[in-house]
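Data block for work13.txt (compact mmCIF, N, CA and C atoms and all ligand atoms):
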```txt
# COMPACT_ATOMS: atom_id res chain seq x y z
N MET A 1 19.61 -32.15 -78.46
CA MET A 1 18.27 -32.55 -78.85
C MET A 1 17.96 -32.01 -80.25
N LYS A 2 17.04 -32.73 -80.94
CA LYS A 2 16.68 -32.28 -82.28
C LYS A 2 15.24 -31.72 -82.26
N ILE A 3 15.07 -30.60 -82.93
CA ILE A 3 13.72 -30.04 -83.03
C ILE A 3 13.41 -29.76 -84.50
N SER A 4 12.12 -29.63 -84.80
CA SER A 4 11.67 -29.25 -86.15
C SER A 4 10.92 -27.93 -86.05
N LEU A 5 11.37 -26.97 -86.82
CA LEU A 5 10.69 -25.68 -86.88
C LEU A 5 10.10 -25.54 -88.28
N ILE A 6 8.95 -24.93 -88.38
CA ILE A 6 8.41 -24.62 -89.71
C ILE A 6 8.63 -23.12 -89.90
N ILE A 7 9.68 -22.80 -90.64
CA ILE A 7 10.08 -21.40 -90.78
C ILE A 7 9.68 -20.91 -92.17
N ASN A 8 8.84 -19.90 -92.17
CA ASN A 8 8.33 -19.34 -93.45
C ASN A 8 7.78 -20.46 -94.34
N GLY A 9 7.12 -21.41 -93.70
CA GLY A 9 6.45 -22.48 -94.43
C GLY A 9 7.33 -23.67 -94.78
N GLU A 10 8.60 -23.61 -94.39
CA GLU A 10 9.53 -24.68 -94.77
C GLU A 10 10.02 -25.39 -93.50
N GLN A 11 9.95 -26.71 -93.50
CA GLN A 11 10.40 -27.43 -92.29
C GLN A 11 11.92 -27.44 -92.20
N LYS A 12 12.41 -27.10 -91.00
CA LYS A 12 13.86 -27.12 -90.76
C LYS A 12 14.10 -27.95 -89.52
N ASP A 13 14.89 -29.01 -89.66
CA ASP A 13 15.28 -29.84 -88.53
C ASP A 13 16.64 -29.35 -88.05
N VAL A 14 16.74 -29.14 -86.74
CA VAL A 14 17.98 -28.56 -86.25
C VAL A 14 18.34 -29.15 -84.88
N GLU A 15 19.63 -29.35 -84.69
CA GLU A 15 20.15 -29.85 -83.42
C GLU A 15 20.39 -28.65 -82.50
N ILE A 16 19.83 -28.69 -81.30
CA ILE A 16 20.02 -27.56 -80.38
C ILE A 16 20.39 -28.06 -78.99
N ASN A 17 20.86 -27.15 -78.17
CA ASN A 17 21.00 -27.42 -76.73
C ASN A 17 19.70 -26.99 -76.06
N PRO A 18 19.35 -27.62 -74.94
CA PRO A 18 18.07 -27.30 -74.30
C PRO A 18 17.92 -25.82 -73.92
N ASP A 19 19.05 -25.14 -73.69
CA ASP A 19 18.94 -23.72 -73.29
C ASP A 19 19.18 -22.75 -74.45
N ASP A 20 19.21 -23.26 -75.68
CA ASP A 20 19.38 -22.34 -76.81
C ASP A 20 18.16 -21.44 -76.97
N ILE A 21 18.42 -20.23 -77.41
CA ILE A 21 17.37 -19.22 -77.58
C ILE A 21 16.96 -19.19 -79.06
N LEU A 22 15.67 -18.99 -79.30
CA LEU A 22 15.15 -19.02 -80.67
C LEU A 22 15.91 -18.05 -81.58
N LEU A 23 16.17 -16.84 -81.10
CA LEU A 23 16.90 -15.84 -81.89
C LEU A 23 18.21 -16.43 -82.43
N ASP A 24 18.97 -17.10 -81.59
CA ASP A 24 20.27 -17.64 -82.01
C ASP A 24 20.10 -18.77 -83.00
N VAL A 25 19.08 -19.59 -82.79
CA VAL A 25 18.86 -20.72 -83.70
C VAL A 25 18.45 -20.20 -85.08
N LEU A 26 17.60 -19.18 -85.11
CA LEU A 26 17.18 -18.61 -86.40
C LEU A 26 18.38 -18.02 -87.15
N ARG A 27 19.24 -17.32 -86.44
CA ARG A 27 20.42 -16.75 -87.09
C ARG A 27 21.37 -17.85 -87.56
N LYS A 28 21.51 -18.91 -86.73
CA LYS A 28 22.35 -20.03 -87.13
C LYS A 28 21.83 -20.66 -88.43
N LEU A 29 20.52 -20.62 -88.61
CA LEU A 29 19.92 -21.18 -89.82
C LEU A 29 19.95 -20.20 -91.00
N GLY A 30 20.48 -19.00 -90.76
CA GLY A 30 20.66 -18.05 -91.87
C GLY A 30 19.59 -16.97 -91.96
N TYR A 31 18.72 -16.87 -90.96
CA TYR A 31 17.69 -15.82 -91.00
C TYR A 31 18.27 -14.58 -90.30
N TYR A 32 19.12 -13.87 -91.05
CA TYR A 32 19.87 -12.76 -90.45
C TYR A 32 19.03 -11.50 -90.26
N SER A 33 17.81 -11.50 -90.76
CA SER A 33 16.93 -10.34 -90.49
C SER A 33 16.56 -10.30 -89.01
N VAL A 34 16.68 -11.44 -88.34
CA VAL A 34 16.34 -11.50 -86.90
C VAL A 34 17.57 -11.04 -86.13
N ARG A 35 17.43 -9.86 -85.53
CA ARG A 35 18.61 -9.21 -84.94
C ARG A 35 18.49 -9.09 -83.43
N ARG A 36 19.66 -9.00 -82.81
CA ARG A 36 19.70 -8.85 -81.34
C ARG A 36 19.90 -7.38 -80.99
N GLY A 37 18.97 -6.86 -80.17
CA GLY A 37 19.13 -5.51 -79.66
C GLY A 37 19.39 -5.60 -78.16
N CYS A 38 18.32 -5.48 -77.39
CA CYS A 38 18.45 -5.43 -75.93
C CYS A 38 18.71 -6.80 -75.30
N ASP A 39 18.21 -7.85 -75.94
CA ASP A 39 18.30 -9.21 -75.42
C ASP A 39 17.48 -9.42 -74.14
N THR A 40 16.54 -8.52 -73.89
CA THR A 40 15.72 -8.64 -72.68
C THR A 40 14.22 -8.55 -72.98
N GLY A 41 13.84 -8.63 -74.25
CA GLY A 41 12.42 -8.58 -74.59
C GLY A 41 11.84 -7.18 -74.59
N MET A 42 12.70 -6.14 -74.62
CA MET A 42 12.21 -4.77 -74.48
C MET A 42 12.24 -3.92 -75.75
N CYS A 43 13.05 -4.29 -76.75
CA CYS A 43 13.24 -3.36 -77.88
C CYS A 43 12.46 -3.73 -79.14
N GLY A 44 12.02 -4.97 -79.24
CA GLY A 44 11.21 -5.39 -80.39
C GLY A 44 11.98 -5.71 -81.65
N ILE A 45 13.28 -5.53 -81.63
CA ILE A 45 14.08 -5.70 -82.85
C ILE A 45 14.10 -7.15 -83.33
N CYS A 46 14.00 -8.09 -82.40
CA CYS A 46 14.12 -9.52 -82.75
C CYS A 46 12.75 -10.17 -83.01
N THR A 47 11.72 -9.36 -83.19
CA THR A 47 10.35 -9.89 -83.29
C THR A 47 10.16 -10.82 -84.49
N VAL A 48 9.53 -11.96 -84.22
CA VAL A 48 9.09 -12.88 -85.28
C VAL A 48 7.64 -13.25 -84.96
N LEU A 49 6.97 -13.85 -85.92
CA LEU A 49 5.63 -14.38 -85.64
C LEU A 49 5.78 -15.84 -85.20
N PHE A 50 5.18 -16.15 -84.08
CA PHE A 50 5.19 -17.51 -83.53
C PHE A 50 3.74 -17.99 -83.62
N ASP A 51 3.49 -18.94 -84.53
CA ASP A 51 2.12 -19.36 -84.81
C ASP A 51 1.24 -18.14 -85.09
N GLY A 52 1.80 -17.19 -85.82
CA GLY A 52 1.04 -16.03 -86.27
C GLY A 52 1.00 -14.85 -85.32
N LYS A 53 1.59 -15.00 -84.11
CA LYS A 53 1.56 -13.88 -83.15
C LYS A 53 2.96 -13.34 -82.92
N PRO A 54 3.10 -12.00 -82.81
CA PRO A 54 4.45 -11.45 -82.62
C PRO A 54 5.03 -11.80 -81.24
N VAL A 55 6.28 -12.25 -81.24
CA VAL A 55 6.99 -12.53 -79.97
C VAL A 55 8.44 -12.06 -80.14
N PRO A 56 9.06 -11.65 -79.02
CA PRO A 56 10.49 -11.34 -79.10
C PRO A 56 11.27 -12.65 -79.06
N SER A 57 11.97 -12.95 -80.15
CA SER A 57 12.64 -14.27 -80.23
C SER A 57 13.81 -14.39 -79.27
N CYS A 58 14.25 -13.26 -78.69
CA CYS A 58 15.33 -13.33 -77.68
C CYS A 58 14.81 -13.87 -76.37
N SER A 59 13.50 -13.98 -76.23
CA SER A 59 12.92 -14.38 -74.95
C SER A 59 12.20 -15.72 -75.04
N VAL A 60 12.50 -16.48 -76.08
CA VAL A 60 11.83 -17.77 -76.26
C VAL A 60 12.89 -18.86 -76.39
N PHE A 61 12.77 -19.90 -75.59
CA PHE A 61 13.67 -21.04 -75.77
C PHE A 61 13.33 -21.71 -77.10
N ALA A 62 14.37 -22.08 -77.85
CA ALA A 62 14.15 -22.72 -79.15
C ALA A 62 13.35 -24.02 -78.97
N ALA A 63 13.60 -24.72 -77.88
CA ALA A 63 12.91 -25.99 -77.65
C ALA A 63 11.39 -25.80 -77.60
N ARG A 64 10.99 -24.64 -77.12
CA ARG A 64 9.56 -24.30 -77.01
C ARG A 64 8.92 -24.18 -78.40
N ALA A 65 9.74 -23.92 -79.40
CA ALA A 65 9.22 -23.70 -80.76
C ALA A 65 9.14 -25.00 -81.57
N ASP A 66 9.52 -26.10 -80.95
CA ASP A 66 9.49 -27.38 -81.68
C ASP A 66 8.09 -27.64 -82.25
N GLY A 67 8.02 -27.84 -83.56
CA GLY A 67 6.74 -28.15 -84.21
C GLY A 67 5.88 -26.94 -84.51
N HIS A 68 6.38 -25.75 -84.19
CA HIS A 68 5.58 -24.53 -84.38
C HIS A 68 6.00 -23.76 -85.64
N HIS A 69 5.09 -22.89 -86.06
CA HIS A 69 5.34 -22.04 -87.25
C HIS A 69 6.01 -20.73 -86.82
N ILE A 70 7.13 -20.46 -87.44
CA ILE A 70 7.84 -19.20 -87.20
C ILE A 70 7.89 -18.43 -88.51
N THR A 71 7.56 -17.15 -88.44
CA THR A 71 7.64 -16.32 -89.65
C THR A 71 8.59 -15.16 -89.39
N THR A 72 9.54 -14.99 -90.30
CA THR A 72 10.45 -13.85 -90.24
C THR A 72 10.10 -12.91 -91.41
N VAL A 73 10.79 -11.79 -91.45
CA VAL A 73 10.54 -10.84 -92.53
C VAL A 73 10.67 -11.50 -93.91
N GLU A 74 11.60 -12.43 -94.03
CA GLU A 74 11.82 -13.10 -95.32
C GLU A 74 10.56 -13.82 -95.81
N GLY A 75 9.68 -14.18 -94.88
CA GLY A 75 8.49 -14.94 -95.25
C GLY A 75 7.23 -14.10 -95.39
N LEU A 76 7.37 -12.77 -95.32
CA LEU A 76 6.18 -11.90 -95.38
C LEU A 76 6.07 -11.23 -96.75
N GLU A 77 5.02 -11.58 -97.47
CA GLU A 77 4.85 -11.03 -98.82
C GLU A 77 4.79 -9.49 -98.82
N ASP A 78 4.13 -8.93 -97.79
CA ASP A 78 3.90 -7.48 -97.75
C ASP A 78 5.13 -6.69 -97.28
N ALA A 79 6.18 -7.39 -96.87
CA ALA A 79 7.33 -6.70 -96.27
C ALA A 79 7.93 -5.66 -97.23
N LYS A 80 8.03 -6.02 -98.51
CA LYS A 80 8.67 -5.10 -99.47
C LYS A 80 7.85 -3.83 -99.65
N VAL A 81 6.53 -3.99 -99.65
CA VAL A 81 5.66 -2.82 -99.82
C VAL A 81 5.87 -1.86 -98.64
N PHE A 82 5.86 -2.41 -97.43
CA PHE A 82 6.02 -1.55 -96.25
C PHE A 82 7.42 -0.93 -96.23
N ALA A 83 8.43 -1.71 -96.59
CA ALA A 83 9.81 -1.19 -96.61
C ALA A 83 9.89 -0.01 -97.59
N GLN A 84 9.16 -0.11 -98.69
CA GLN A 84 9.14 0.99 -99.67
C GLN A 84 8.52 2.24 -99.05
N TYR A 85 7.43 2.05 -98.29
CA TYR A 85 6.79 3.20 -97.62
C TYR A 85 7.74 3.82 -96.60
N LEU A 86 8.49 2.97 -95.88
CA LEU A 86 9.45 3.52 -94.91
C LEU A 86 10.47 4.39 -95.65
N ALA A 87 10.92 3.92 -96.80
CA ALA A 87 11.90 4.69 -97.58
C ALA A 87 11.28 6.01 -98.05
N GLU A 88 10.05 5.94 -98.57
CA GLU A 88 9.40 7.16 -99.08
C GLU A 88 9.20 8.20 -97.99
N GLU A 89 9.00 7.74 -96.76
CA GLU A 89 8.75 8.67 -95.65
C GLU A 89 10.03 9.02 -94.89
N GLY A 90 11.17 8.63 -95.43
CA GLY A 90 12.46 8.97 -94.80
C GLY A 90 12.67 8.26 -93.48
N ALA A 91 12.08 7.09 -93.33
CA ALA A 91 12.16 6.37 -92.05
C ALA A 91 12.98 5.09 -92.17
N ASP A 92 13.87 5.08 -93.15
CA ASP A 92 14.73 3.89 -93.31
C ASP A 92 16.17 4.29 -93.08
N GLN A 93 16.45 4.76 -91.91
CA GLN A 93 17.79 5.29 -91.65
C GLN A 93 18.80 4.14 -91.48
N CYS A 94 19.25 3.82 -90.28
CA CYS A 94 20.22 2.70 -90.22
C CYS A 94 19.55 1.36 -90.54
N GLY A 95 18.23 1.28 -90.34
CA GLY A 95 17.48 0.08 -90.71
C GLY A 95 17.57 -1.06 -89.72
N PHE A 96 18.30 -0.86 -88.62
CA PHE A 96 18.50 -1.98 -87.69
C PHE A 96 17.18 -2.44 -87.07
N CYS A 97 16.29 -1.49 -86.82
CA CYS A 97 15.02 -1.84 -86.17
C CYS A 97 13.96 -2.31 -87.17
N SER A 98 14.24 -2.15 -88.47
CA SER A 98 13.18 -2.35 -89.46
C SER A 98 12.56 -3.76 -89.49
N PRO A 99 13.36 -4.84 -89.43
CA PRO A 99 12.71 -6.16 -89.51
C PRO A 99 11.64 -6.38 -88.42
N GLY A 100 11.97 -6.02 -87.19
CA GLY A 100 10.99 -6.21 -86.10
C GLY A 100 9.76 -5.34 -86.30
N LEU A 101 9.98 -4.10 -86.75
CA LEU A 101 8.86 -3.20 -86.99
C LEU A 101 7.98 -3.73 -88.13
N ILE A 102 8.62 -4.23 -89.16
CA ILE A 102 7.86 -4.76 -90.31
C ILE A 102 7.02 -5.96 -89.89
N VAL A 103 7.63 -6.88 -89.13
CA VAL A 103 6.88 -8.07 -88.68
C VAL A 103 5.65 -7.63 -87.88
N ASN A 104 5.84 -6.71 -86.96
CA ASN A 104 4.72 -6.27 -86.12
C ASN A 104 3.66 -5.52 -86.93
N THR A 105 4.11 -4.71 -87.88
CA THR A 105 3.15 -3.91 -88.66
C THR A 105 2.36 -4.80 -89.62
N VAL A 106 3.01 -5.79 -90.21
CA VAL A 106 2.28 -6.72 -91.08
C VAL A 106 1.24 -7.49 -90.26
N TYR A 107 1.60 -7.80 -89.02
CA TYR A 107 0.63 -8.45 -88.12
C TYR A 107 -0.61 -7.55 -87.93
N LEU A 108 -0.37 -6.26 -87.71
CA LEU A 108 -1.50 -5.32 -87.54
C LEU A 108 -2.36 -5.27 -88.81
N LYS A 109 -1.68 -5.32 -89.95
CA LYS A 109 -2.43 -5.30 -91.23
C LYS A 109 -3.29 -6.56 -91.34
N ASN A 110 -2.72 -7.69 -90.98
CA ASN A 110 -3.49 -8.94 -91.05
C ASN A 110 -4.70 -8.91 -90.12
N LYS A 111 -4.57 -8.16 -89.04
CA LYS A 111 -5.68 -8.03 -88.07
C LYS A 111 -6.60 -6.88 -88.43
N ASN A 112 -6.28 -6.17 -89.52
CA ASN A 112 -7.08 -5.03 -89.98
C ASN A 112 -7.21 -3.94 -88.92
N ILE A 113 -6.12 -3.68 -88.21
CA ILE A 113 -6.13 -2.65 -87.17
C ILE A 113 -5.81 -1.30 -87.82
N LYS A 114 -6.71 -0.33 -87.63
CA LYS A 114 -6.54 0.98 -88.27
C LYS A 114 -6.70 2.14 -87.30
N ASP A 115 -6.95 1.84 -86.05
CA ASP A 115 -7.14 2.88 -85.06
C ASP A 115 -5.78 3.40 -84.60
N LYS A 116 -5.58 4.74 -84.72
CA LYS A 116 -4.25 5.31 -84.45
C LYS A 116 -3.75 5.00 -83.05
N GLU A 117 -4.64 5.14 -82.06
CA GLU A 117 -4.21 4.87 -80.67
C GLU A 117 -3.82 3.41 -80.49
N GLU A 118 -4.59 2.53 -81.10
CA GLU A 118 -4.30 1.10 -80.98
C GLU A 118 -2.98 0.77 -81.67
N ILE A 119 -2.74 1.41 -82.81
CA ILE A 119 -1.48 1.18 -83.54
C ILE A 119 -0.30 1.60 -82.66
N THR A 120 -0.41 2.80 -82.09
CA THR A 120 0.68 3.29 -81.23
C THR A 120 0.88 2.34 -80.05
N ASP A 121 -0.21 1.90 -79.47
CA ASP A 121 -0.14 1.00 -78.33
C ASP A 121 0.56 -0.31 -78.70
N LYS A 122 0.19 -0.85 -79.85
CA LYS A 122 0.75 -2.16 -80.25
C LYS A 122 2.21 -2.05 -80.67
N LEU A 123 2.62 -0.86 -81.15
CA LEU A 123 3.99 -0.74 -81.65
C LEU A 123 4.92 -0.06 -80.65
N ILE A 124 4.42 0.17 -79.45
CA ILE A 124 5.21 0.92 -78.47
C ILE A 124 6.49 0.17 -78.09
N GLY A 125 6.46 -1.14 -78.29
CA GLY A 125 7.64 -1.95 -77.95
C GLY A 125 8.68 -2.03 -79.05
N ASN A 126 8.44 -1.36 -80.20
CA ASN A 126 9.42 -1.37 -81.28
C ASN A 126 10.27 -0.10 -81.20
N LEU A 127 11.41 -0.21 -80.57
CA LEU A 127 12.24 0.97 -80.36
C LEU A 127 13.10 1.27 -81.59
N CYS A 128 13.32 2.59 -81.80
CA CYS A 128 14.15 3.03 -82.91
C CYS A 128 15.02 4.18 -82.41
N ARG A 129 16.32 4.08 -82.68
CA ARG A 129 17.23 5.13 -82.20
C ARG A 129 17.40 6.26 -83.19
N CYS A 130 16.92 6.07 -84.43
CA CYS A 130 17.26 7.03 -85.47
C CYS A 130 16.13 7.97 -85.88
N THR A 131 14.92 7.44 -86.03
CA THR A 131 13.93 8.16 -86.83
C THR A 131 13.09 9.17 -86.07
N GLY A 132 13.01 9.05 -84.76
CA GLY A 132 12.10 9.90 -84.01
C GLY A 132 10.65 9.49 -84.19
N TYR A 133 10.41 8.40 -84.89
CA TYR A 133 9.12 7.72 -85.03
C TYR A 133 8.12 8.42 -85.96
N VAL A 134 8.28 9.72 -86.22
CA VAL A 134 7.24 10.42 -86.99
C VAL A 134 7.12 9.86 -88.41
N GLY A 135 8.27 9.72 -89.08
CA GLY A 135 8.26 9.16 -90.44
C GLY A 135 7.77 7.72 -90.43
N GLN A 136 8.19 6.98 -89.42
CA GLN A 136 7.73 5.58 -89.31
C GLN A 136 6.21 5.54 -89.24
N HIS A 137 5.63 6.43 -88.42
CA HIS A 137 4.18 6.39 -88.26
C HIS A 137 3.45 6.82 -89.53
N ARG A 138 4.04 7.74 -90.28
CA ARG A 138 3.42 8.09 -91.58
C ARG A 138 3.39 6.85 -92.47
N ALA A 139 4.51 6.14 -92.51
CA ALA A 139 4.60 4.94 -93.35
C ALA A 139 3.63 3.86 -92.86
N ILE A 140 3.55 3.71 -91.56
CA ILE A 140 2.67 2.68 -90.97
C ILE A 140 1.21 3.00 -91.33
N GLU A 141 0.83 4.27 -91.18
CA GLU A 141 -0.57 4.64 -91.45
C GLU A 141 -0.91 4.46 -92.94
N LYS A 142 0.05 4.77 -93.79
CA LYS A 142 -0.14 4.58 -95.23
C LYS A 142 -0.35 3.08 -95.51
N PHE A 143 0.52 2.27 -94.93
CA PHE A 143 0.49 0.83 -95.17
C PHE A 143 -0.80 0.19 -94.65
N LEU A 144 -1.25 0.68 -93.48
CA LEU A 144 -2.46 0.09 -92.87
C LEU A 144 -3.74 0.71 -93.42
N GLY A 145 -3.59 1.75 -94.25
CA GLY A 145 -4.78 2.37 -94.83
C GLY A 145 -5.58 3.18 -93.82
N VAL A 146 -4.84 3.85 -92.90
CA VAL A 146 -5.52 4.67 -91.88
C VAL A 146 -6.03 5.94 -92.55
N GLU A 147 -7.30 6.27 -92.27
CA GLU A 147 -7.88 7.49 -92.85
C GLU A 147 -7.23 8.71 -92.23
N LYS A 148 -7.01 9.76 -93.03
CA LYS A 148 -6.39 11.00 -92.51
C LYS A 148 -7.38 11.75 -91.63
S1 LIG A 201 16.58 -8.16 -78.71
FE1 LIG A 201 14.72 -9.13 -78.31
S2 LIG A 201 13.38 -7.57 -77.63
FE2 LIG A 201 15.33 -6.60 -77.82
S1 LIG A 202 16.29 3.24 -88.24
FE1 LIG A 202 18.04 3.04 -86.95
S2 LIG A 202 17.26 2.11 -85.15
FE2 LIG A 202 15.51 2.48 -86.33
```

Please render this file's structure as structure tokens.
Amino acid sequence: MKISLIINGEQKDVEINPDDILLDVLRKLGYYSVRRGCDTGMCGICTVLFDGKPVPSCSVFAARADGHHITTVEGLEDAKVFAQYLAEEGADQCGFCSPGLIVNTVYLKNKNIKDKEEITDKLIGNLCRCTGYVGQHRAIEKFLGVEK
């Protein structure tokens, strides 16, 4: 079957099987920032925006995305600024988790979320094996403009 995805504002027509997963289709199209971690919707590494809302792309059938807007890190203007903050705070270690974290954090910025508890709650699904989260949270708070 053929579907049309609007990825980072650009229409992409792609031939898929009915059981193909969005994560695999995005990678097939060259969006390598979308990575596979747990493959069960638990680690947040594969997060993309689906019509503006964060979803784990490993848990979405590609067919379901037909005609919808998908945003990856490549399509987020603020991604470089946040990535710089991660580097400044020593939270850019192996970087495997970074794309999913960036997508989710930019979403929080777009929603103007600045409450520390709410931030922690919303990002609890973004797992990281390297950083211990402290540096990440410093970078996140800087990026979101959280008051000290
Ligand atoms: S790979 Fe999708 S949530 Fe872990
Ligand atoms: S920086 Fe390595 S998993 Fe997060």

Original post:
ligand LIG 201 (chain A): which residues are within 8 Å, counting only C-alpha atoms and all ligand atoms, as a count of residues only?
Top reply: 18

Can you check which residues of segment 9-143 of chain A DSSP gives as alpha helix (DSSP H) on the backbone and send them as a compact mmCIF listing (two decimals) with N, CA and C atoms, keeping the file's coordinate frame?
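Printed below is result07.txt as written:
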```
# COMPACT_ATOMS: atom_id res chain seq x y z
N LEU A 22 15.67 -18.99 -79.30
CA LEU A 22 15.15 -19.02 -80.67
C LEU A 22 15.91 -18.05 -81.58
N LEU A 23 16.17 -16.84 -81.10
CA LEU A 23 16.90 -15.84 -81.89
C LEU A 23 18.21 -16.43 -82.43
N ASP A 24 18.97 -17.10 -81.59
CA ASP A 24 20.27 -17.64 -82.01
C ASP A 24 20.10 -18.77 -83.00
N VAL A 25 19.08 -19.59 -82.79
CA VAL A 25 18.86 -20.72 -83.70
C VAL A 25 18.45 -20.20 -85.08
N LEU A 26 17.60 -19.18 -85.11
CA LEU A 26 17.18 -18.61 -86.40
C LEU A 26 18.38 -18.02 -87.15
N ARG A 27 19.24 -17.32 -86.44
CA ARG A 27 20.42 -16.75 -87.09
C ARG A 27 21.37 -17.85 -87.56
N LYS A 28 21.51 -18.91 -86.73
CA LYS A 28 22.35 -20.03 -87.13
C LYS A 28 21.83 -20.66 -88.43
N ALA A 79 6.18 -7.39 -96.87
CA ALA A 79 7.33 -6.70 -96.27
C ALA A 79 7.93 -5.66 -97.23
N LYS A 80 8.03 -6.02 -98.51
CA LYS A 80 8.67 -5.10 -99.47
C LYS A 80 7.85 -3.83 -99.65
N VAL A 81 6.53 -3.99 -99.65
CA VAL A 81 5.66 -2.82 -99.82
C VAL A 81 5.87 -1.86 -98.64
N PHE A 82 5.86 -2.41 -97.43
CA PHE A 82 6.02 -1.55 -96.25
C PHE A 82 7.42 -0.93 -96.23
N ALA A 83 8.43 -1.71 -96.59
CA ALA A 83 9.81 -1.19 -96.61
C ALA A 83 9.89 -0.01 -97.59
N GLN A 84 9.16 -0.11 -98.69
CA GLN A 84 9.14 0.99 -99.67
C GLN A 84 8.52 2.24 -99.05
N TYR A 85 7.43 2.05 -98.29
CA TYR A 85 6.79 3.20 -97.62
C TYR A 85 7.74 3.82 -96.60
N LEU A 86 8.49 2.97 -95.88
CA LEU A 86 9.45 3.52 -94.91
C LEU A 86 10.47 4.39 -95.65
N ALA A 87 10.92 3.92 -96.80
CA ALA A 87 11.90 4.69 -97.58
C ALA A 87 11.28 6.01 -98.05
N GLU A 88 10.05 5.94 -98.57
CA GLU A 88 9.40 7.16 -99.08
C GLU A 88 9.20 8.20 -97.99
N SER A 98 14.24 -2.15 -88.47
CA SER A 98 13.18 -2.35 -89.46
C SER A 98 12.56 -3.76 -89.49
N PRO A 99 13.36 -4.84 -89.43
CA PRO A 99 12.71 -6.16 -89.51
C PRO A 99 11.64 -6.38 -88.42
N GLY A 100 11.97 -6.02 -87.19
CA GLY A 100 10.99 -6.21 -86.10
C GLY A 100 9.76 -5.34 -86.30
N LEU A 101 9.98 -4.10 -86.75
CA LEU A 101 8.86 -3.20 -86.99
C LEU A 101 7.98 -3.73 -88.13
N ILE A 102 8.62 -4.23 -89.16
CA ILE A 102 7.86 -4.76 -90.31
C ILE A 102 7.02 -5.96 -89.89
N VAL A 103 7.63 -6.88 -89.13
CA VAL A 103 6.88 -8.07 -88.68
C VAL A 103 5.65 -7.63 -87.88
N ASN A 104 5.84 -6.71 -86.96
CA ASN A 104 4.72 -6.27 -86.12
C ASN A 104 3.66 -5.52 -86.93
N THR A 105 4.11 -4.71 -87.88
CA THR A 105 3.15 -3.91 -88.66
C THR A 105 2.36 -4.80 -89.62
N VAL A 106 3.01 -5.79 -90.21
CA VAL A 106 2.28 -6.72 -91.08
C VAL A 106 1.24 -7.49 -90.26
N TYR A 107 1.60 -7.80 -89.02
CA TYR A 107 0.63 -8.45 -88.12
C TYR A 107 -0.61 -7.55 -87.93
N LEU A 108 -0.37 -6.26 -87.71
CA LEU A 108 -1.50 -5.32 -87.54
C LEU A 108 -2.36 -5.27 -88.81
N LYS A 109 -1.68 -5.32 -89.95
CA LYS A 109 -2.43 -5.30 -91.23
C LYS A 109 -3.29 -6.56 -91.34
N ASN A 110 -2.72 -7.69 -90.98
CA ASN A 110 -3.49 -8.94 -91.05
C ASN A 110 -4.70 -8.91 -90.12
N LYS A 116 -5.58 4.74 -84.72
CA LYS A 116 -4.25 5.31 -84.45
C LYS A 116 -3.75 5.00 -83.05
N GLU A 117 -4.64 5.14 -82.06
CA GLU A 117 -4.21 4.87 -80.67
C GLU A 117 -3.82 3.41 -80.49
N GLU A 118 -4.59 2.53 -81.10
CA GLU A 118 -4.30 1.10 -80.98
C GLU A 118 -2.98 0.77 -81.67
N ILE A 119 -2.74 1.41 -82.81
CA ILE A 119 -1.48 1.18 -83.54
C ILE A 119 -0.30 1.60 -82.66
N THR A 120 -0.41 2.80 -82.09
CA THR A 120 0.68 3.29 -81.23
C THR A 120 0.88 2.34 -80.05
N ASP A 121 -0.21 1.90 -79.47
CA ASP A 121 -0.14 1.00 -78.33
C ASP A 121 0.56 -0.31 -78.70
N LYS A 122 0.19 -0.85 -79.85
CA LYS A 122 0.75 -2.16 -80.25
C LYS A 122 2.21 -2.05 -80.67
N LEU A 123 2.62 -0.86 -81.15
CA LEU A 123 3.99 -0.74 -81.65
C LEU A 123 4.92 -0.06 -80.65
N VAL A 134 8.28 9.72 -86.22
CA VAL A 134 7.24 10.42 -86.99
C VAL A 134 7.12 9.86 -88.41
N GLY A 135 8.27 9.72 -89.08
CA GLY A 135 8.26 9.16 -90.44
C GLY A 135 7.77 7.72 -90.43
N GLN A 136 8.19 6.98 -89.42
CA GLN A 136 7.73 5.58 -89.31
C GLN A 136 6.21 5.54 -89.24
N HIS A 137 5.63 6.43 -88.42
CA HIS A 137 4.18 6.39 -88.26
C HIS A 137 3.45 6.82 -89.53
N ARG A 138 4.04 7.74 -90.28
CA ARG A 138 3.42 8.09 -91.58
C ARG A 138 3.39 6.85 -92.47
N ALA A 139 4.51 6.14 -92.51
CA ALA A 139 4.60 4.94 -93.35
C ALA A 139 3.63 3.86 -92.86
N ILE A 140 3.55 3.71 -91.56
CA ILE A 140 2.67 2.68 -90.97
C ILE A 140 1.21 3.00 -91.33
N GLU A 141 0.83 4.27 -91.18
CA GLU A 141 -0.57 4.64 -91.45
C GLU A 141 -0.91 4.46 -92.94
N LYS A 142 0.05 4.77 -93.79
CA LYS A 142 -0.14 4.58 -95.23
C LYS A 142 -0.35 3.08 -95.51
N PHE A 143 0.52 2.27 -94.93
CA PHE A 143 0.49 0.83 -95.17
C PHE A 143 -0.80 0.19 -94.65
```

Original post:
At what distance in Å, to one decimal, does atom N of Gly100 of chain A lie from atom CA of Asp24 of chain A?
Top reply: 15.2 Å

**OP:** Taking only C-alpha atoms and all ligand atoms into account, report as an MDAnalysis selection string which residues have an atom no farther than 12 Å from an atom of ligand LIG 202 (chain A).
**Re:** chainID A and resid 35:38 43:45 83 86:87 89:102 126:136

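For Lys53 of chain A, the set of protein, DNA and RNA residues having any atom at most 8 Å away, when counting all atoms listed in the file and skipping those fewer than 6 positions along the same chain, is Thr47, His69, Thr71, Asn104 and Tyr107 of chain A.
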
With N, CA and C atoms retained, export the selected residues as a compact mmCIF listing (two decimals), in the coordinates of the input.
```txt
# COMPACT_ATOMS: atom_id res chain seq x y z
N THR A 47 11.72 -9.36 -83.19
CA THR A 47 10.35 -9.89 -83.29
C THR A 47 10.16 -10.82 -84.49
N HIS A 69 5.09 -22.89 -86.06
CA HIS A 69 5.34 -22.04 -87.25
C HIS A 69 6.01 -20.73 -86.82
N THR A 71 7.56 -17.15 -88.44
CA THR A 71 7.64 -16.32 -89.65
C THR A 71 8.59 -15.16 -89.39
N ASN A 104 5.84 -6.71 -86.96
CA ASN A 104 4.72 -6.27 -86.12
C ASN A 104 3.66 -5.52 -86.93
N TYR A 107 1.60 -7.80 -89.02
CA TYR A 107 0.63 -8.45 -88.12
C TYR A 107 -0.61 -7.55 -87.93
```
